[in-house]
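The next block holds one structure in the form of structure tokens; read it before the comments.
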Amino acid sequence: MRIPSLDGLRGVSILLVLLAHLAGTRHAPNLAWIHSVGDVGNLGVRVFFVVSGFLMTLLLERERDSRGRISMSAFLKRRATRILPAFGAYLCAIAVLSAAGCLALRRGDLLASATFTMNYHIPRSWYVGHLWSLSVEAQFYVGWALVSILAGRSRMRLVAIAALVFAPASRVAIYVFAPHWRWIISEALPTIIDPLAAGSLLATLQPRLARHATYLRFLRSTATGVALPVIVLALNATTPHIAFSYPAGETLMNLVIALGIHRAITCPATAAARFLNAKAFAGMGAISYSLYLWQQLFLDRESAAATAAFPVNVALAIGMALLSYRYVERPALAFGRRFGRTEHRASTHGGRTDLRAYVAVG
């Protein structure tokens with residue numbers, strides 16, 4: 001069962017990334033206005049991270065409920081089935097184009113991509129630069145699953161809170177005490193784990209929050225629905241002011257995004273939820289992973305190629321994403337679901353688990 005609004009949230013996120021990368025490409029419309037609210041591309045990635053933290057924690061808890069434990073190997077197999085096929089197809093295409101002389105890669109680009117260490121690899125070429133966020137997520141998946149196994153359900157909330165405190169502290173510490181390492185701030189996992197932790201904290205608190213009538217009234221109010229996106233955009237506009245954003249602003253923005261996600265999934269009758277569940281945004285969210293991968297090849301403001309000029313670049317990015325989703329992602333997801341059902345039957349003994357609160361992804 002899919003959680004309402006999450007595909008729409010992914011759709012909004014990838015749209016923000018597309019707008020940020022489209023700006024400045026040849027023949028593109030004037031998008032200078034988007035800079036008034038800060039870097040919307042990074043905001044889109046931040047929303048992706050909060051959603052990922054939320055979903056990963058739910059998936060881990062679903063496995064704990066259904067099996068009585070978390071299998072690290074089974075979890076990693078499912079994540080690999082979800083991530084690697086589309087990622088591998090893109091990376092192979094980039095390698096082939098580089099070998100043919102159609103684009104230039106920097107030394108170590110392919111190795112950093114293949115090992116999910118792009119967030120520690122500088123300098124890097126444009127065509128693989130966006131893979132830093134995929135590297136962060138892959139590192140988080142492994143680390144968070146291991147922590148969940150070791151800490152157990154009861155301590156995961158404390159771990160998430162600790163991560164929310166540690167991330168801003170690490171940003172400030174690196175900036176002040178290790179200026180030669182400032183380039184890793186907001187890409188190295190310790191400095192960017194707070195959006196993932198905010199989503200995870202929401203997942204651990206969700207059952208308790210659902211029992212508080214006062215909180216639910218606040219969440220459902222029209223004023224809250226208007227205020228949340230305004231606050232997020234205002235905080236995003238402050239990110240260049242690192243004296244505020246590093247120690248407090250970014251973490252606060254992550255928590256407000258998590259609150260907005262909770263409103264979207266628990267209040268499906270609101271105008272915002274209906275907007276997110278519209279076919280256009282839900283459809284864009286469904287292909288968001290492939291679209292995030294392939295848009296980088298075409299939305300290149302430094303390229304003079306016809307394939308990087310508007311509107312051809314947008315059409316090609318969407319077209320390649322649709323092909324990737326149809327012929328790579330969907331078959332891999334179907335295989336992953338069959339694998340999961342087979343493994344579940346082999347490892348359970350007839351117990352029933354209510355999974356209606358969870359989402360089946362990957």
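Going by the structure tokens order, chains are called A, B, ..., each with residues numbered from 1, while ligands are numbered from 1 in the order shown.
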
**OP:** Just the residues within 6 Å of region 39-43 of chain A, please, counting only C-alpha atoms, with nothing from its chain fewer than 2 positions along; format it as JSON, numbers by chain.
**Re:** {"A": [16, 17, 20, 45, 46]}

If you keep N, CA and C atoms, can you produce a file of those selected residues as an mmCIF file, in the first residue's frame?
data_model
loop_
_atom_site.group_PDB
_atom_site.id
_atom_site.type_symbol
_atom_site.label_atom_id
_atom_site.label_comp_id
_atom_site.auth_asym_id
_atom_site.auth_seq_id
_atom_site.Cartn_x
_atom_site.Cartn_y
_atom_site.Cartn_z
ATOM 1 N N LEU A 16 11.674 21.071 -8.420
ATOM 2 C CA LEU A 16 12.593 22.099 -7.909
ATOM 3 C C LEU A 16 14.005 21.886 -8.450
ATOM 4 N N VAL A 17 14.437 20.628 -8.495
ATOM 5 C CA VAL A 17 15.763 20.325 -9.049
ATOM 6 C C VAL A 17 15.822 20.699 -10.529
ATOM 7 N N ALA A 20 16.084 24.465 -11.003
ATOM 8 C CA ALA A 20 17.416 24.963 -10.656
ATOM 9 C C ALA A 20 18.426 24.664 -11.750
ATOM 10 N N VAL A 45 16.435 18.481 -3.084
ATOM 11 C CA VAL A 45 17.186 17.332 -2.559
ATOM 12 C C VAL A 45 16.916 17.157 -1.073
ATOM 13 N N ARG A 46 16.790 18.254 -0.357
ATOM 14 C CA ARG A 46 16.524 18.174 1.086
ATOM 15 C C ARG A 46 15.178 17.491 1.349
#

**OP:** Pick out the residues sitting within 8 Å of region 234-245 of chain A, and hand them over as a VMD selection string; count only C-alpha atoms, and ignore anything fewer than 3 positions along from it in its own chain.
**Re:** chain A and resid 36 to 40 43 230 to 231 248 to 251 253

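Atom pair CA of Trp132 (chain A) / CA of Ala162 (chain A) has a distance of 23.5 Å (rounded to one decimal).
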
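Shortest separation to Ala145 (chain A) among A:Phe49, A:Trp181, A:Phe75, A:Tyr90 occurs at residue A:Phe75, atoms counted being only C-alpha atoms.
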
Given only C-alpha atoms, how would the per-residue table for region 15-36 of chain A near region 273-295 of chain A read, listing every residue at most 10 Å away with its closest atom pair and distance in Å to one decimal, sorted by chain and number, as a Markdown table?
| residue | atom | partner | partner_atom | distance |
| --- | --- | --- | --- | --- |
| A:Leu15 | CA | A:Met284 | CA | 8.3 |
| A:Val17 | CA | A:Tyr292 | CA | 7.9 |
| A:Leu18 | CA | A:Gln295 | CA | 7.4 |
| A:His21 | CA | A:Gln295 | CA | 8.4 |
| A:Leu22 | CA | A:Gln295 | CA | 9.3 |

Go ahead and save the picked residues with C-alpha atoms, as a PDB file, in the first residue's frame.
ATOM      1  CA  LEU A  15      10.512  19.850 -10.175  1.00  0.00           C
ATOM      2  CA  VAL A  17      15.763  20.325  -9.049  1.00  0.00           C
ATOM      3  CA  LEU A  18      14.748  20.669 -12.707  1.00  0.00           C
ATOM      4  CA  HIS A  21      19.335  23.082 -13.360  1.00  0.00           C
ATOM      5  CA  LEU A  22      17.274  24.463 -16.241  1.00  0.00           C
TER       6      LEU A  22
END

**OP:** Skip region 105-116 of chain A itself and residues of its chain fewer than 6 positions away, then list as number ranges by chain all residues within 12 Å of it, counting only C-alpha atoms.
**Re:** A: 83-84, 87-99, 122-142, 188-189, 293

May I have the residues from that selection written out with N, CA and C atoms, as a JSON list (two decimals), in the first residue's frame?
[["chain", "number", "residue", "atom", "x", "y", "z"],
["A", 83, "ILE", "N", 17.85, 0.48, -6.17],
["A", 83, "ILE", "CA", 18.74, 1.58, -6.58],
["A", 83, "ILE", "C", 19.63, 1.22, -7.76],
["A", 84, "LEU", "N", 20.22, 0.04, -7.74],
["A", 84, "LEU", "CA", 21.31, -0.25, -8.67],
["A", 84, "LEU", "C", 20.92, -0.35, -10.14],
["A", 87, "PHE", "N", 20.50, 3.19, -11.66],
["A", 87, "PHE", "CA", 21.80, 3.85, -11.48],
["A", 87, "PHE", "C", 22.85, 3.24, -12.41],
["A", 88, "GLY", "N", 22.88, 1.92, -12.49],
["A", 88, "GLY", "CA", 23.85, 1.25, -13.34],
["A", 88, "GLY", "C", 23.65, 1.58, -14.81],
["A", 89, "ALA", "N", 22.38, 1.68, -15.22],
["A", 89, "ALA", "CA", 22.10, 2.03, -16.62],
["A", 89, "ALA", "C", 22.62, 3.42, -16.94],
["A", 90, "TYR", "N", 22.38, 4.36, -16.03],
["A", 90, "TYR", "CA", 22.88, 5.73, -16.26],
["A", 90, "TYR", "C", 24.40, 5.77, -16.27],
["A", 91, "LEU", "N", 25.02, 5.10, -15.32],
["A", 91, "LEU", "CA", 26.48, 5.15, -15.22],
["A", 91, "LEU", "C", 27.13, 4.49, -16.43],
["A", 92, "CYS", "N", 26.55, 3.40, -16.91],
["A", 92, "CYS", "CA", 27.08, 2.75, -18.12],
["A", 92, "CYS", "C", 26.97, 3.68, -19.32],
["A", 93, "ALA", "N", 25.85, 4.39, -19.43],
["A", 93, "ALA", "CA", 25.68, 5.33, -20.54],
["A", 93, "ALA", "C", 26.72, 6.44, -20.48],
["A", 94, "ILE", "N", 26.98, 6.95, -19.29],
["A", 94, "ILE", "CA", 27.99, 8.00, -19.13],
["A", 94, "ILE", "C", 29.37, 7.47, -19.49],
["A", 95, "ALA", "N", 29.69, 6.26, -19.07],
["A", 95, "ALA", "CA", 30.99, 5.67, -19.38],
["A", 95, "ALA", "C", 31.16, 5.49, -20.88],
["A", 96, "VAL", "N", 30.11, 5.02, -21.55],
["A", 96, "VAL", "CA", 30.18, 4.83, -23.01],
["A", 96, "VAL", "C", 30.34, 6.17, -23.72],
["A", 97, "LEU", "N", 29.58, 7.18, -23.32],
["A", 97, "LEU", "CA", 29.68, 8.50, -23.94],
["A", 97, "LEU", "C", 31.06, 9.11, -23.71],
["A", 98, "SER", "N", 31.61, 8.87, -22.54],
["A", 98, "SER", "CA", 32.96, 9.37, -22.26],
["A", 98, "SER", "C", 33.99, 8.67, -23.14],
["A", 99, "ALA", "N", 33.88, 7.35, -23.26],
["A", 99, "ALA", "CA", 34.82, 6.59, -24.09],
["A", 99, "ALA", "C", 34.73, 7.01, -25.56],
["A", 122, "ILE", "N", 36.07, 15.52, -5.02],
["A", 122, "ILE", "CA", 36.18, 16.86, -5.60],
["A", 122, "ILE", "C", 37.58, 17.00, -6.17],
["A", 123, "PRO", "N", 37.73, 17.58, -7.41],
["A", 123, "PRO", "CA", 36.70, 18.06, -8.33],
["A", 123, "PRO", "C", 36.04, 16.90, -9.07],
["A", 124, "ARG", "N", 34.87, 17.17, -9.65],
["A", 124, "ARG", "CA", 34.13, 16.16, -10.39],
["A", 124, "ARG", "C", 33.42, 16.83, -11.56],
["A", 125, "SER", "N", 33.08, 16.04, -12.54],
["A", 125, "SER", "CA", 32.41, 16.60, -13.71],
["A", 125, "SER", "C", 30.92, 16.78, -13.43],
["A", 126, "TRP", "N", 30.29, 17.63, -14.22],
["A", 126, "TRP", "CA", 28.88, 17.91, -14.07],
["A", 126, "TRP", "C", 28.02, 16.65, -14.21],
["A", 127, "TYR", "N", 28.38, 15.77, -15.12],
["A", 127, "TYR", "CA", 27.53, 14.64, -15.48],
["A", 127, "TYR", "C", 27.36, 13.62, -14.36],
["A", 128, "VAL", "N", 28.25, 13.63, -13.40],
["A", 128, "VAL", "CA", 28.12, 12.73, -12.26],
["A", 128, "VAL", "C", 28.04, 13.50, -10.94],
["A", 129, "GLY", "N", 28.08, 14.81, -11.01],
["A", 129, "GLY", "CA", 28.10, 15.61, -9.78],
["A", 129, "GLY", "C", 26.89, 15.41, -8.90],
["A", 130, "HIS", "N", 25.72, 15.19, -9.53],
["A", 130, "HIS", "CA", 24.49, 15.02, -8.74],
["A", 130, "HIS", "C", 24.46, 13.71, -7.96],
["A", 131, "LEU", "N", 25.37, 12.80, -8.27],
["A", 131, "LEU", "CA", 25.37, 11.52, -7.58],
["A", 131, "LEU", "C", 25.86, 11.63, -6.14],
["A", 132, "TRP", "N", 26.30, 12.82, -5.73],
["A", 132, "TRP", "CA", 26.69, 13.01, -4.33],
["A", 132, "TRP", "C", 25.50, 12.69, -3.41],
["A", 133, "SER", "N", 24.28, 13.09, -3.83],
["A", 133, "SER", "CA", 23.12, 12.86, -2.97],
["A", 133, "SER", "C", 22.76, 11.39, -2.90],
["A", 134, "LEU", "N", 22.94, 10.68, -4.01],
["A", 134, "LEU", "CA", 22.70, 9.24, -4.01],
["A", 134, "LEU", "C", 23.72, 8.54, -3.11],
["A", 135, "SER", "N", 24.95, 9.04, -3.10],
["A", 135, "SER", "CA", 25.97, 8.48, -2.22],
["A", 135, "SER", "C", 25.59, 8.68, -0.75],
["A", 136, "VAL", "N", 25.09, 9.87, -0.43],
["A", 136, "VAL", "CA", 24.65, 10.14, 0.95],
["A", 136, "VAL", "C", 23.56, 9.16, 1.35],
["A", 137, "GLU", "N", 22.58, 8.95, 0.46],
["A", 137, "GLU", "CA", 21.49, 8.05, 0.79],
["A", 137, "GLU", "C", 21.98, 6.61, 0.96],
["A", 138, "ALA", "N", 22.86, 6.17, 0.09],
["A", 138, "ALA", "CA", 23.37, 4.80, 0.20],
["A", 138, "ALA", "C", 24.12, 4.61, 1.51],
["A", 139, "GLN", "N", 24.95, 5.58, 1.89],
["A", 139, "GLN", "CA", 25.67, 5.50, 3.15],
["A", 139, "GLN", "C", 24.70, 5.50, 4.34],
["A", 140, "PHE", "N", 23.66, 6.30, 4.23],
["A", 140, "PHE", "CA", 22.65, 6.35, 5.29],
["A", 140, "PHE", "C", 21.91, 5.02, 5.41],
["A", 141, "TYR", "N", 21.53, 4.43, 4.28],
["A", 141, "TYR", "CA", 20.80, 3.16, 4.33],
["A", 141, "TYR", "C", 21.58, 2.11, 5.12],
["A", 142, "VAL", "N", 22.85, 1.98, 4.81],
["A", 142, "VAL", "CA", 23.67, 0.97, 5.48],
["A", 142, "VAL", "C", 23.83, 1.29, 6.95],
["A", 188, "ALA", "N", 29.22, 15.71, 3.06],
["A", 188, "ALA", "CA", 29.66, 14.58, 3.89],
["A", 188, "ALA", "C", 28.50, 14.14, 4.78],
["A", 189, "LEU", "N", 28.30, 12.85, 4.92],
["A", 189, "LEU", "CA", 27.14, 12.34, 5.66],
["A", 189, "LEU", "C", 26.98, 12.95, 7.05],
["A", 293, "LEU", "N", 18.34, 11.08, -12.17],
["A", 293, "LEU", "CA", 19.57, 10.56, -12.77],
["A", 293, "LEU", "C", 19.83, 11.19, -14.13]]

Subject >> region 205-210 of chain A surroundings by only C-alpha atoms, 9 Å radius, close-in-sequence under 6 positions cut, as number ranges by chain >> reply: A: 157, 216, 262, 266

Please produce a file of the residues just selected, as a tab-separated table (two decimals), in the first residue's frame, where the atoms kept are C-alpha atoms.
chain	number	residue	atom	x	y	z
A	157	ARG	CA	14.08	7.98	18.54
A	216	LEU	CA	-3.99	16.80	14.95
A	262	HIS	CA	3.13	14.47	8.14
A	266	THR	CA	-2.46	12.37	7.44

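With only C-alpha atoms as the atoms that count, the residue of A:Ile184, A:Ile261, A:Leu228, A:Leu202 with the shortest distance to His121 (chain A) is A:Ile184.
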
Subject >> Selected residue of minimal separation from Leu76 (chain A) among A:Arg211, A:Gly8, A:Thr270, A:Gly336, counting only C-alpha atoms >> reply: A:Gly336

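Taking CA of Leu201 (chain A) as the reference point, CA of Ala272 (chain A) is found at 22.7 Å.
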
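For region 300-337 of chain A, a DSSP pass over the backbone yields helix (DSSP H, G or I) at Ala306, Thr307, Ala308, Val312, Asn313, Val314, Ala315, Leu316, Ala317, Ile318, Gly319, Met320, Ala321, Leu322, Leu323, Ser324, Tyr325, Arg326, Tyr327, Val328, Glu329, Arg330, Pro331, Ala332, Leu333, Ala334, Phe335, Gly336 and Arg337 of chain A.
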
**OP:** Pick out the closest residue to Arg330 (chain A) from this set: A:Ala198, A:Leu59, A:Ile3, A:Ala86. Count only C-alpha atoms.
**Re:** A:Ala86
